[in-house]
Structure formats: structure tokens, C-alpha cells
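As stored in start.tsv (TSV, C-alpha atoms and all ligand atoms):
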chain	number	residue	atom	x	y	z
T	1	MET	CA	80.67	-24.14	18.10
T	2	SER	CA	78.96	-22.56	15.08
T	3	GLU	CA	75.18	-22.56	14.91
T	4	GLN	CA	73.44	-25.19	12.81
T	5	GLN	CA	72.24	-23.90	9.41
T	6	VAL	CA	68.81	-24.82	8.02
T	7	ARG	CA	67.27	-24.45	4.59
T	8	VAL	CA	63.98	-22.53	4.77
T	9	ARG	CA	61.45	-22.25	1.95
T	10	LEU	CA	58.72	-19.62	2.19
T	11	HIS	CA	56.12	-18.07	-0.08
T	12	VAL	CA	56.64	-14.37	0.56
T	13	ASN	CA	54.17	-12.00	-1.05
T	14	GLY	CA	53.28	-14.75	-3.51
T	15	VAL	CA	56.87	-15.43	-4.52
T	16	PRO	CA	58.73	-18.65	-3.59
T	17	ARG	CA	61.86	-17.73	-1.62
T	18	GLU	CA	64.60	-19.90	-0.13
T	19	ALA	CA	67.45	-19.15	2.19
T	20	THR	CA	69.97	-21.03	4.28
T	21	LEU	CA	69.83	-19.55	7.76
T	22	PRO	CA	71.07	-20.11	11.27
T	23	ALA	CA	68.49	-22.36	12.96
T	24	ARG	CA	67.67	-19.66	15.52
T	25	ARG	CA	67.22	-16.79	13.00
T	26	LEU	CA	64.09	-14.80	13.83
T	27	LEU	CA	61.53	-14.44	11.07
T	28	SER	CA	61.85	-10.65	11.32
T	29	ASP	CA	65.61	-10.85	10.77
T	30	ALA	CA	65.24	-13.40	7.98
T	31	LEU	CA	62.82	-11.12	6.14
T	32	ARG	CA	64.96	-8.03	6.57
T	33	HIS	CA	68.49	-9.34	6.33
T	34	ASP	CA	68.27	-12.54	4.32
T	35	LEU	CA	65.41	-11.69	1.95
T	36	GLY	CA	65.95	-7.92	1.74
T	37	LEU	CA	62.38	-7.03	2.78
T	38	THR	CA	63.15	-4.13	5.07
T	39	GLY	CA	59.55	-2.90	5.17
T	40	THR	CA	59.02	-5.09	8.23
T	41	HIS	CA	60.29	-2.96	11.10
T	42	VAL	CA	61.74	-4.17	14.36
T	43	GLY	CA	61.10	-2.16	17.51
T	44	CYS	CA	60.93	-3.94	20.85
T	45	GLU	CA	61.90	-7.46	19.69
T	46	HIS	CA	59.73	-8.75	22.53
T	47	GLY	CA	56.29	-9.07	20.94
T	48	VAL	CA	55.00	-5.83	22.49
T	49	CYS	CA	55.06	-3.02	19.91
T	50	GLY	CA	53.62	-4.73	16.83
T	51	ALA	CA	56.01	-3.02	14.39
T	52	CYS	CA	57.15	-6.38	13.03
T	53	THR	CA	53.66	-7.72	12.31
T	54	VAL	CA	53.38	-9.79	9.14
T	55	LEU	CA	50.66	-12.15	7.96
T	56	LEU	CA	51.30	-15.88	8.33
T	57	ASP	CA	48.82	-17.72	6.13
T	58	GLY	CA	46.68	-14.57	6.29
T	59	ARG	CA	46.77	-14.10	10.07
T	60	PRO	CA	48.81	-11.41	11.84
T	61	VAL	CA	51.82	-12.61	13.79
T	62	ARG	CA	54.80	-10.93	15.45
T	63	ALA	CA	57.77	-11.82	13.29
T	64	CYS	CA	60.13	-11.09	16.20
T	65	LEU	CA	58.64	-13.96	18.17
T	66	LEU	CA	58.96	-16.65	15.50
T	67	LEU	CA	61.96	-18.54	14.27
T	68	ALA	CA	62.06	-18.53	10.47
T	69	ALA	CA	62.63	-22.30	10.47
T	70	THR	CA	59.28	-22.88	12.22
T	71	VAL	CA	57.31	-21.32	9.36
T	72	ASP	CA	59.04	-23.30	6.61
T	73	GLY	CA	56.57	-23.92	3.77
T	74	HIS	CA	54.10	-21.23	4.85
T	75	GLU	CA	52.73	-18.10	3.17
T	76	ILE	CA	54.03	-14.79	4.50
T	77	THR	CA	52.68	-11.39	3.55
T	78	THR	CA	54.76	-8.37	4.45
T	79	VAL	CA	53.91	-4.72	3.97
T	80	GLU	CA	55.62	-4.90	0.57
T	81	GLY	CA	52.96	-7.39	-0.51
T	82	LEU	CA	49.89	-5.28	0.28
T	83	ALA	CA	49.77	-3.10	-2.85
T	84	ALA	CA	48.63	-4.59	-6.16
T	85	ASP	CA	51.19	-5.64	-8.76
T	86	ASP	CA	50.46	-2.47	-10.75
T	87	GLY	CA	51.26	-0.32	-7.71
T	88	THR	CA	47.67	0.44	-6.74
T	89	LEU	CA	47.66	0.96	-3.01
T	90	HIS	CA	45.85	-1.47	-0.74
T	91	PRO	CA	42.75	0.20	0.76
T	92	VAL	CA	44.49	0.40	4.15
T	93	GLN	CA	47.49	2.15	2.59
T	94	GLN	CA	45.22	4.52	0.71
T	95	ALA	CA	43.28	5.28	3.88
T	96	PHE	CA	46.44	5.97	5.89
T	97	ARG	CA	47.51	8.43	3.21
T	98	GLU	CA	44.13	10.17	3.09
T	99	CYS	CA	43.69	10.32	6.86
T	100	HIS	CA	47.31	11.22	7.74
T	101	GLY	CA	47.59	8.02	9.76
T	102	LEU	CA	51.36	8.24	10.09
T	103	GLN	CA	54.08	10.63	11.07
T	104	CYS	CA	57.55	9.06	11.37
T	105	GLY	CA	56.21	5.83	9.84
T	106	PHE	CA	58.19	3.45	12.02
T	107	CYS	CA	55.10	1.71	13.36
T	108	THR	CA	53.17	1.90	10.09
T	109	PRO	CA	54.01	-1.44	8.44
T	110	GLY	CA	52.75	-3.27	11.52
T	111	PHE	CA	49.54	-1.24	11.58
T	112	LEU	CA	48.92	-1.80	7.86
T	113	THR	CA	49.29	-5.57	8.02
T	114	THR	CA	47.28	-5.80	11.24
T	115	ILE	CA	44.41	-3.72	9.87
T	116	ALA	CA	44.39	-5.46	6.48
T	117	ALA	CA	43.87	-8.82	8.20
T	118	TYR	CA	41.35	-7.35	10.65
T	119	LEU	CA	39.15	-5.95	7.89
T	120	ASP	CA	39.17	-9.31	6.09
T	121	GLU	CA	37.35	-10.69	9.16
T	122	ASN	CA	35.47	-7.52	10.21
T	123	PRO	CA	34.55	-5.52	7.13
T	124	ASP	CA	32.21	-3.07	8.86
T	125	PRO	CA	33.87	-1.89	12.10
T	126	THR	CA	32.49	0.72	14.50
T	127	GLU	CA	34.76	3.42	15.97
T	128	ASP	CA	35.25	1.27	19.07
T	129	ASP	CA	36.05	-1.74	16.89
T	130	ALA	CA	38.59	0.33	14.97
T	131	LEU	CA	40.43	1.27	18.16
T	132	GLU	CA	40.24	-2.29	19.43
T	133	ALA	CA	41.69	-3.52	16.13
T	134	VAL	CA	44.89	-1.54	16.67
T	135	SER	CA	45.10	-1.92	20.45
T	136	GLY	CA	48.06	-4.28	20.16
T	137	ASN	CA	50.17	-1.88	18.08
T	138	LEU	CA	52.13	0.98	19.58
T	139	CYS	CA	52.58	4.37	17.91
T	140	ARG	CA	54.59	7.09	19.60
T	141	CYS	CA	53.65	9.88	17.19
T	142	THR	CA	50.06	10.04	16.07
T	143	GLY	CA	47.85	9.80	19.13
T	144	TYR	CA	45.84	7.09	17.31
T	145	GLN	CA	42.93	9.33	16.25
T	146	ASN	CA	43.97	9.46	12.61
T	147	ILE	CA	44.78	5.77	12.65
T	148	LYS	CA	41.24	5.08	13.90
T	149	LYS	CA	39.89	7.25	11.09
T	150	ALA	CA	42.07	5.33	8.63
T	151	VAL	CA	40.63	1.99	9.77
T	152	LEU	CA	37.10	3.29	9.13
T	153	ARG	CA	38.08	4.85	5.80
T	154	ALA	CA	39.80	1.62	4.70
T	155	ALA	CA	36.62	-0.28	5.46
T	156	GLU	CA	34.68	2.22	3.35
T	157	LEU	CA	37.16	1.89	0.46
T	158	ARG	CA	36.91	-1.90	0.61
T	159	ARG	CA	33.11	-1.70	0.44
T	160	GLN	CA	33.32	0.65	-2.55
T	161	GLN	CA	35.69	-1.74	-4.31
T	162	SER	CA	33.42	-4.71	-3.76
T	163	GLU	CA	30.41	-2.72	-5.05
T	164	VAL	CA	32.33	-1.90	-8.24
T	165	ARG	CA	33.22	-5.57	-8.70
T	166	SER	CA	29.63	-6.84	-8.17
P	201	LIG	S1	59.44	-5.79	17.20
P	201	LIG	FE1	58.08	-7.43	17.24
P	201	LIG	S2	56.47	-6.79	18.52
P	201	LIG	FE2	57.95	-5.19	18.66
P	202	LIG	S1	54.04	7.25	13.18
P	202	LIG	FE1	55.84	7.38	14.43
P	202	LIG	S2	55.64	5.69	15.80
P	202	LIG	FE2	53.79	5.71	14.68
As C-alpha cells, how would this structure be written, given the file I've shared?
Amino acid sequence: MSEQQVRVRLHVNGVPREATLPARRLLSDALRHDLGLTGTHVGCEHGVCGACTVLLDGRPVRACLLLAATVDGHEITTVEGLAADDGTLHPVQQAFRECHGLQCGFCTPGFLTTIAAYLDENPDPTEDDALEAVSGNLCRCTGYQNIKKAVLRAAELRRQQSEVRS
């Protein structure tokens, strides 16, 4: 028997998107395969590695643990949605570049979305906070030191941006 199809409507990176999907399609697969947003990476598919982290109404979630149909009508931000429309990097992206926070880059989208949401709630982290912020994301390449530096640098860039605006 073929799987039931459902119509799912999402706001992805500020853009209304619709797709007809199998009812059990994972959000991670829907983003990558149905909506063409391959920036969201899939590693463990068990909620462990954090590579698939996206923001659901601004909060980080593991897209491999959610069915797309269960987030119908919600706002999703993927790594493709972090930079500004004119291509200006998000502070976390800029910080990863400056601090060499990536090597192969497989884990990076999940780190970027996780840290972006973390800094919205915790704009002035300590070194310990920075490590804690990424403790749920796995990276096999970097040893985490440069990622920790990138969290702190991103916080600094965000503060500089808000000073310029005020
Ligand atoms: S792929 Fe989702 S947590 Fe690893
Ligand atoms: S940069 Fe390779 S897994 Fe993190």
C-alpha cells in the first residue's frame, strides 16, 4: 500500500513554500530533497550529531527527528537563511571564517544555526558558555577550540553591529 501524501506549507527563510510529501517524510529530507535546500546536512539521523539543526520558530531543533507534516504552518530557518539578502554574512558565519572554525564543513550548518539561536538568548557568553553552547553538536575535524573562539568572536561582532545601529 502506498504511503499517504500530505500537503505541507512552511515559511522557509522568510519565503512561503509548499510541497506534497509522504506523511512520514522527515523535515531534514523535505528540506533537502523536496525544497532543494541541501545546506542542512544529515549525519546520524538519530538526533545525536546536530548536523541537521535548523531553527523552528527561532529555536534550534533536529530536523532528522521531526516529520515535516508536524511543522506545517511554522517558520523554519536553515543555514541558507542566515546571511542577509545582500549576501552579507551572519556574524556567526563571519566568525567561523575568521577563526577557522571549520575543516571539512560537514558539521558546520548545524553549528551555525545552533550558535545563531544561542547568541540571540545569550549575547555575552564566557569561554565555558561557548563550549556549553556547542556541546550538543559533533565535529570530527576541528577539536572544537576554533569553534569556541568563533562563538566568542560572533558575540563580539553582534555587539559591534548593535553599537553601530544605536
Ligand atoms: S542528522 Fe540529525 S542529529 Fe544527526
Ligand atoms: S569540520 Fe569536519 S566534521 Fe566538523
Point to revise | Distance of CA of Gln160 (chain T) from CA of Leu112 (chain T), expressed in Å to one decimal place | key: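 Value for the CA of Leu112 (chain T)-CA of Gln160 (chain T) distance: 18.9 Å.
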Practice item. List all protein, DNA and RNA residues that have an atom no more than 12 Å from any atom of ligand LIG 201 (chain P), counting only C-alpha atoms and all ligand atoms, and report them as a PyMOL selection string. Key: chain T and resi 26-29+40-54+60-66+106-107+109-111+114+136-139
Review point. Could you work out how far CA of Gly14 (chain T) lies from CA of Ser162 (chain T), giving the answer in Å with one decimal?
Key: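 The value is 22.3 Å.
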Exercise for review: Would you kindly return, as a PyMOL selection string, each protein, DNA or RNA residue with an atom no farther than 8 Å from any atom of Val6 (chain T), considering all atoms listed in the file and excluding same-chain residues fewer than 3 positions away?
Suggested key: chain T and resi 20-23+69
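Counting from CA of Leu37 (chain T), the distance to CA of Val151 (chain T) is 24.6 Å.
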For Ala130 (chain T), work out the shell of residues within 10 Å, counting all atoms listed in the file and skipping chain neighbours fewer than 2 positions away, then give it as a PDB file with C-alpha atoms, in the coordinates of the input.
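Output (out.pdb):
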ATOM      1  CA  ILE T 115      44.410  -3.720   9.870  1.00  0.00           C
ATOM      2  CA  TYR T 118      41.350  -7.350  10.650  1.00  0.00           C
ATOM      3  CA  LEU T 119      39.150  -5.950   7.890  1.00  0.00           C
ATOM      4  CA  ASN T 122      35.470  -7.520  10.210  1.00  0.00           C
ATOM      5  CA  ASP T 124      32.210  -3.070   8.860  1.00  0.00           C
ATOM      6  CA  PRO T 125      33.870  -1.890  12.100  1.00  0.00           C
ATOM      7  CA  THR T 126      32.490   0.720  14.500  1.00  0.00           C
ATOM      8  CA  GLU T 127      34.760   3.420  15.970  1.00  0.00           C
ATOM      9  CA  ASP T 128      35.250   1.270  19.070  1.00  0.00           C
ATOM     10  CA  GLU T 132      40.240  -2.290  19.430  1.00  0.00           C
ATOM     11  CA  ALA T 133      41.690  -3.520  16.130  1.00  0.00           C
ATOM     12  CA  VAL T 134      44.890  -1.540  16.670  1.00  0.00           C
ATOM     13  CA  SER T 135      45.100  -1.920  20.450  1.00  0.00           C
ATOM     14  CA  ILE T 147      44.780   5.770  12.650  1.00  0.00           C
ATOM     15  CA  LYS T 148      41.240   5.080  13.900  1.00  0.00           C
ATOM     16  CA  LYS T 149      39.890   7.250  11.090  1.00  0.00           C
ATOM     17  CA  ALA T 150      42.070   5.330   8.630  1.00  0.00           C
ATOM     18  CA  VAL T 151      40.630   1.990   9.770  1.00  0.00           C
ATOM     19  CA  LEU T 152      37.100   3.290   9.130  1.00  0.00           C
ATOM     20  CA  ALA T 155      36.620  -0.280   5.460  1.00  0.00           C
TER      21      ALA T 155
END
Point to revise | Given all atoms listed in the file as the counted atoms, nearest of T:Glu98, T:Cys104, T:Gly58, T:Leu35 to Leu82 (chain T) | key: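 That would be T:Gly58, the residue with the smallest distance to Leu82 (chain T).
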Check your understanding: Which of these residues is nearest to ligand LIG 202 (chain P), using only C-alpha atoms and all ligand atoms: T:Arg32, T:Arg158, T:Arg97, T:Arg24?
Key ->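 Once distances to ligand LIG 202 (chain P) are computed over only C-alpha atoms and all ligand atoms, the minimum belongs to T:Arg97.
Residue nearest ligand LIG 202 (chain P) within the list T:Arg159, T:His90, T:Arg165, T:Arg140: T:Arg140 [criterion: smallest interatomic distance, all atoms listed in the file].
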